[in-house]
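Trainee: Quick one: this structure, given as structure tokens, is what I'll be asking you about.
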Amino acid sequence: MSLSRKSSLDPIAISQYQWLPFLNDAIESLSVFRTSPYPIHPDFLYKKEEIKYKEKTLETQAITWACSTKKIRQARAACIYAGELASVLNIVFSPFPHYELPFFGADFVTLPSGHLLALDLQPALKDDQIHNESVWPTLLKIHERWKDFFPSGGPIPKEAESFFSPAFLWTRLPLGSEGDQIISEHLRPAFQEYLQFYVELIKDSKTVSKERSLKILSGQKSYINYRAKKDPARGMLSRFFGNDWTERYINEVLFDL
């Protein structure tokens, strides 16, 4: 079921939330599995505040959607909407460690300066051939089909390189018709193709040994800890919703392993 039919987000805001089709794609992709609600504290399911921006008052909203499946420990989306100031969709699918699966990650951010867009199937164990042999050959072919439509987003921090695959799609786009066209004509189908491939990986995955599971878990914890520590949205969320709520949201909801 789509977010727009389940949430308490203001209908006006929802109508302007440009990432809703992407969110609905993600939710729909999991409909082939039996899903269960993922426990989220009511404080983080929906949050609304008002802030001052350019001598006027803006309403900021945060909503969280999450579920789990037999093989995915937490599939969640964080949606942030603040009118002309910000529109954000952050999606992470975190598999259980007893399956040889990467993370699915999408981070779509619109700010007054432009769009920052990232998409990847992120490895828990980047330098482990077994972990990546069923993922990277096909994923790189998908990446090859789409990468030329997007200008490079620039270098990423050296310390972050181990948390991204060679098929990491990372770009910056201008606001306006040019960026909007690339998002609708190229980003969304690329997102759908990455997503569909991830669903096929879930279907095909088999349980691994206890020893292997512990190794994967260690890699997952490194990834989650890095994401929580370095979350680039921390400053924006703190401005919108306060430091205490933000720290709890990052550590208890977004990256809770």
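In the structure tokens, chains take the letters A, B, ... in the order shown, each chain's residues start at 1, and ligands count up from 1 in the order shown.
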Could you give me, as a VMD selection string, each residue of segment 29-215 of chain A that DSSP assigns to strand (DSSP E) when run on this structure's backbone?
Mentor: chain A and resid 36 to 37 46 to 53 56 to 68 72 to 81 87 to 95 103 to 111 114 to 122 169 to 173
Trainee: Would you give me, as an MDAnalysis selection string, the residues in segment 70-247 of chain A that DSSP reads as helix (DSSP H, G or I)?
Mentor: chainID A and resid 129:132 136:149 158:163 177:204 210:230 234:241 243:247
Trainee: Between atom CA of Ser162 of chain A and atom CA of Arg227 of chain A, what distance in Å does the model show, to one decimal?
Mentor: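 Computed distance, atom CA of Ser162 of chain A to atom CA of Arg227 of chain A, equals 12.1 Å.
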Trainee: Show me, as a tab-separated table (two decimals) with C-alpha atoms, in the first residue's frame, the residues that have an atom within 6 Å of segment 73-76 of chain A when counting only C-alpha atoms, minus same-chain residues fewer than 4 positions from it.
Mentor:
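See part-v4.tsv below for the written result:
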chain	number	residue	atom	x	y	z
A	65	TRP	CA	7.72	3.79	6.77
A	66	ALA	CA	9.19	0.39	7.65
A	67	CYS	CA	8.55	-3.32	7.35
A	68	SER	CA	10.45	-6.62	7.50
A	91	ILE	CA	15.68	4.26	1.67
A	92	VAL	CA	17.71	1.42	3.16
A	93	PHE	CA	16.89	-2.29	2.98
A	94	SER	CA	18.98	-4.14	5.60
A	95	PRO	CA	19.11	-7.93	5.16
A	96	PHE	CA	19.45	-10.46	7.94
Trainee: Which residues of segment 13-78 of chain A come within 12 Å of segment 104-127 of chain A, and what is each one's closest atom pair and distance in Å (one decimal), counting only C-alpha atoms, sorted by chain and residue number, as CSV?
Mentor:
residue,atom,partner,partner_atom,distance
A:Tyr17,CA,A:Thr110,CA,10.4
A:Gln18,CA,A:Thr110,CA,9.2
A:Trp19,CA,A:Phe108,CA,7.7
A:Leu20,CA,A:Phe108,CA,11.1
A:Phe22,CA,A:Phe108,CA,9.5
A:Leu23,CA,A:Ala106,CA,10.1
A:Ala26,CA,A:Ala106,CA,10.0
A:Tyr53,CA,A:Pro112,CA,12.0
A:Ile72,CA,A:Phe104,CA,10.3
A:Gln74,CA,A:Phe104,CA,10.8
A:Ala75,CA,A:Phe104,CA,8.9
A:Arg76,CA,A:Gly105,CA,10.0
A:Ala77,CA,A:Ala106,CA,9.3
A:Ala78,CA,A:Asp107,CA,9.6
Trainee: Filtering to N, CA and C atoms, could you give me those residues as an mmCIF file, in the first residue's frame?
Mentor:
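Done, and the output landed in again00.cif:
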data_model
loop_
_atom_site.group_PDB
_atom_site.id
_atom_site.type_symbol
_atom_site.label_atom_id
_atom_site.label_comp_id
_atom_site.auth_asym_id
_atom_site.auth_seq_id
_atom_site.Cartn_x
_atom_site.Cartn_y
_atom_site.Cartn_z
ATOM 1 N N TYR A 17 5.305 16.391 -2.791
ATOM 2 C CA TYR A 17 6.465 15.573 -2.426
ATOM 3 C C TYR A 17 6.918 14.791 -3.657
ATOM 4 N N GLN A 18 7.974 15.269 -4.298
ATOM 5 C CA GLN A 18 8.362 14.756 -5.597
ATOM 6 C C GLN A 18 8.845 13.309 -5.575
ATOM 7 N N TRP A 19 9.243 12.808 -4.408
ATOM 8 C CA TRP A 19 9.808 11.468 -4.332
ATOM 9 C C TRP A 19 8.769 10.391 -4.050
ATOM 10 N N LEU A 20 7.503 10.765 -3.963
ATOM 11 C CA LEU A 20 6.463 9.786 -3.651
ATOM 12 C C LEU A 20 6.413 8.635 -4.658
ATOM 13 N N PHE A 22 8.817 7.239 -6.250
ATOM 14 C CA PHE A 22 9.943 6.370 -5.938
ATOM 15 C C PHE A 22 9.644 5.541 -4.682
ATOM 16 N N LEU A 23 9.070 6.198 -3.691
ATOM 17 C CA LEU A 23 8.724 5.489 -2.464
ATOM 18 C C LEU A 23 7.700 4.391 -2.749
ATOM 19 N N ALA A 26 9.314 1.398 -4.241
ATOM 20 C CA ALA A 26 10.021 0.583 -3.253
ATOM 21 C C ALA A 26 9.052 -0.274 -2.453
ATOM 22 N N TYR A 53 12.337 30.670 7.962
ATOM 23 C CA TYR A 53 13.191 30.609 6.773
ATOM 24 C C TYR A 53 12.888 31.814 5.902
ATOM 25 N N ILE A 72 14.724 -9.817 4.953
ATOM 26 C CA ILE A 72 15.102 -8.417 5.161
ATOM 27 C C ILE A 72 14.730 -8.017 6.581
ATOM 28 N N GLN A 74 15.142 -5.087 8.132
ATOM 29 C CA GLN A 74 14.472 -3.796 8.156
ATOM 30 C C GLN A 74 14.501 -3.189 6.758
ATOM 31 N N ALA A 75 13.327 -2.953 6.199
ATOM 32 C CA ALA A 75 13.194 -2.154 4.982
ATOM 33 C C ALA A 75 12.518 -0.862 5.407
ATOM 34 N N ARG A 76 13.212 0.256 5.262
ATOM 35 C CA ARG A 76 12.617 1.490 5.778
ATOM 36 C C ARG A 76 12.885 2.662 4.848
ATOM 37 N N ALA A 77 11.989 3.627 4.965
ATOM 38 C CA ALA A 77 12.117 4.872 4.214
ATOM 39 C C ALA A 77 11.892 6.032 5.153
ATOM 40 N N ALA A 78 12.766 7.017 5.063
ATOM 41 C CA ALA A 78 12.614 8.273 5.803
ATOM 42 C C ALA A 78 12.279 9.358 4.799
#
Trainee: Compile the contact shell of Ser209 of chain A as a PyMOL selection string: residues with an atom at most 12 Å away, counting only C-alpha atoms, same-chain residues fewer than 2 positions apart removed.
Mentor: chain A and resi 97-100+206-207+211-216
Trainee: Let's have the selection written as a CSV table (one decimal), in the first residue's frame, with C-alpha atoms.
Mentor:
chain,number,residue,atom,x,y,z
A,97,PRO,CA,23.1,-11.5,8.2
A,98,HIS,CA,22.4,-15.2,7.6
A,99,TYR,CA,21.8,-14.4,3.9
A,100,GLU,CA,24.5,-13.4,1.4
A,206,LYS,CA,20.1,-19.1,0.7
A,207,THR,CA,21.1,-19.2,4.3
A,211,GLU,CA,30.5,-18.7,10.9
A,212,ARG,CA,29.7,-16.9,7.6
A,213,SER,CA,26.8,-15.2,9.2
A,214,LEU,CA,29.0,-13.7,11.9
A,215,LYS,CA,31.4,-12.4,9.3
A,216,ILE,CA,28.5,-10.7,7.4
Trainee: What does the distance between atom CA of Gln192 of chain A and atom CA of Phe150 of chain A come to in Å, to one decimal place?
Mentor: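 Result for atom CA of Gln192 of chain A versus atom CA of Phe150 of chain A: 15.9 Å, one decimal.
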Trainee: Which residue gives the smallest distance to Asn251 of chain A among A:Ser134, A:Phe44, A:Asp148, A:Lys56, with only C-alpha atoms counted?
Mentor: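 Residue with the minimum atom-to-atom distance to Asn251 of chain A: A:Phe44.
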Trainee: If you count only C-alpha atoms, which residues fall within 12 Å of Asp204 of chain A, apart from same-chain ones fewer than 4 positions away, as a list of chain:residue names?
Mentor: A:Lys71, A:Tyr99, A:Glu100, A:Leu101, A:Ser134, A:Val135, A:Phe197, A:Tyr198, A:Val199, A:Glu200
Trainee: Write a file of the selected residues as a PDB file, in the first residue's frame, keeping N, CA and C atoms.
Mentor:
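File produced: again.pdb:
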ATOM      1  N   LYS A  71      13.722 -12.380   4.904  1.00  0.00           N
ATOM      2  CA  LYS A  71      15.147 -12.196   4.637  1.00  0.00           C
ATOM      3  C   LYS A  71      15.641 -10.764   4.854  1.00  0.00           C
ATOM      4  N   TYR A  99      21.946 -14.285   5.370  1.00  0.00           N
ATOM      5  CA  TYR A  99      21.806 -14.351   3.917  1.00  0.00           C
ATOM      6  C   TYR A  99      22.923 -13.539   3.279  1.00  0.00           C
ATOM      7  N   GLU A 100      23.411 -14.014   2.140  1.00  0.00           N
ATOM      8  CA  GLU A 100      24.526 -13.363   1.442  1.00  0.00           C
ATOM      9  C   GLU A 100      23.966 -12.249   0.563  1.00  0.00           C
ATOM     10  N   LEU A 101      23.553 -11.162   1.206  1.00  0.00           N
ATOM     11  CA  LEU A 101      22.907 -10.074   0.495  1.00  0.00           C
ATOM     12  C   LEU A 101      23.560  -8.737   0.834  1.00  0.00           C
ATOM     13  N   SER A 134      27.754 -12.830  -6.915  1.00  0.00           N
ATOM     14  CA  SER A 134      26.415 -12.968  -7.490  1.00  0.00           C
ATOM     15  C   SER A 134      25.745 -11.614  -7.726  1.00  0.00           C
ATOM     16  N   VAL A 135      26.448 -10.534  -7.351  1.00  0.00           N
ATOM     17  CA  VAL A 135      25.849  -9.196  -7.417  1.00  0.00           C
ATOM     18  C   VAL A 135      26.510  -8.328  -8.484  1.00  0.00           C
ATOM     19  N   PHE A 197      16.401  -5.854  -9.510  1.00  0.00           N
ATOM     20  CA  PHE A 197      17.525  -6.790  -9.374  1.00  0.00           C
ATOM     21  C   PHE A 197      17.709  -7.190  -7.918  1.00  0.00           C
ATOM     22  N   TYR A 198      17.540  -6.239  -7.015  1.00  0.00           N
ATOM     23  CA  TYR A 198      17.679  -6.560  -5.590  1.00  0.00           C
ATOM     24  C   TYR A 198      16.598  -7.547  -5.148  1.00  0.00           C
ATOM     25  N   VAL A 199      15.385  -7.376  -5.643  1.00  0.00           N
ATOM     26  CA  VAL A 199      14.306  -8.313  -5.314  1.00  0.00           C
ATOM     27  C   VAL A 199      14.660  -9.714  -5.798  1.00  0.00           C
ATOM     28  N   GLU A 200      15.247  -9.823  -6.994  1.00  0.00           N
ATOM     29  CA  GLU A 200      15.650 -11.139  -7.495  1.00  0.00           C
ATOM     30  C   GLU A 200      16.751 -11.745  -6.628  1.00  0.00           C
TER      31      GLU A 200
END
Trainee: What is the distance, in Å and to one decimal place, between atom CA of Ile156 of chain A and atom CA of Leu169 of chain A?
Mentor: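 Computing it gives 11.7 Å between the two atoms.
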Trainee: Calculated over only C-alpha atoms, which of the candidates A:Ser177, A:His131, A:Asp25, A:Asn90 has the smallest distance to Ile250 of chain A?
Mentor: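 Of A:Ser177, A:His131, A:Asp25, A:Asn90, the one nearest Ile250 of chain A is A:Asn90, counting only C-alpha atoms.
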Trainee: Find, counting only C-alpha atoms, the residue in A:Asn132, A:Asn243, A:Ser152, A:Thr57 that gets nearest to Arg172 of chain A.
Mentor: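 So, comparing all the options, the nearest one is A:Ser152.
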Trainee: Would you please work out which residue, of A:Leu140, A:Ala86, A:Leu257, A:Ala160, is nearest to Lys221 of chain A when using only C-alpha atoms?
Mentor: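 Closest to Lys221 of chain A, using only C-alpha atoms: A:Leu257.
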Trainee: Which is closer to Trp170 of chain A than all the others in A:Lys47, A:Lys158, A:Lys147, A:Arg239, using only C-alpha atoms?
Mentor: A:Lys147
Trainee: Between A:Leu139, A:Tyr249, A:Cys79, A:Pro21, which residue has the minimum interatomic distance to Ser184 of chain A, considering only C-alpha atoms?
Mentor: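 Under the stated criterion, the closest residue is A:Pro21.
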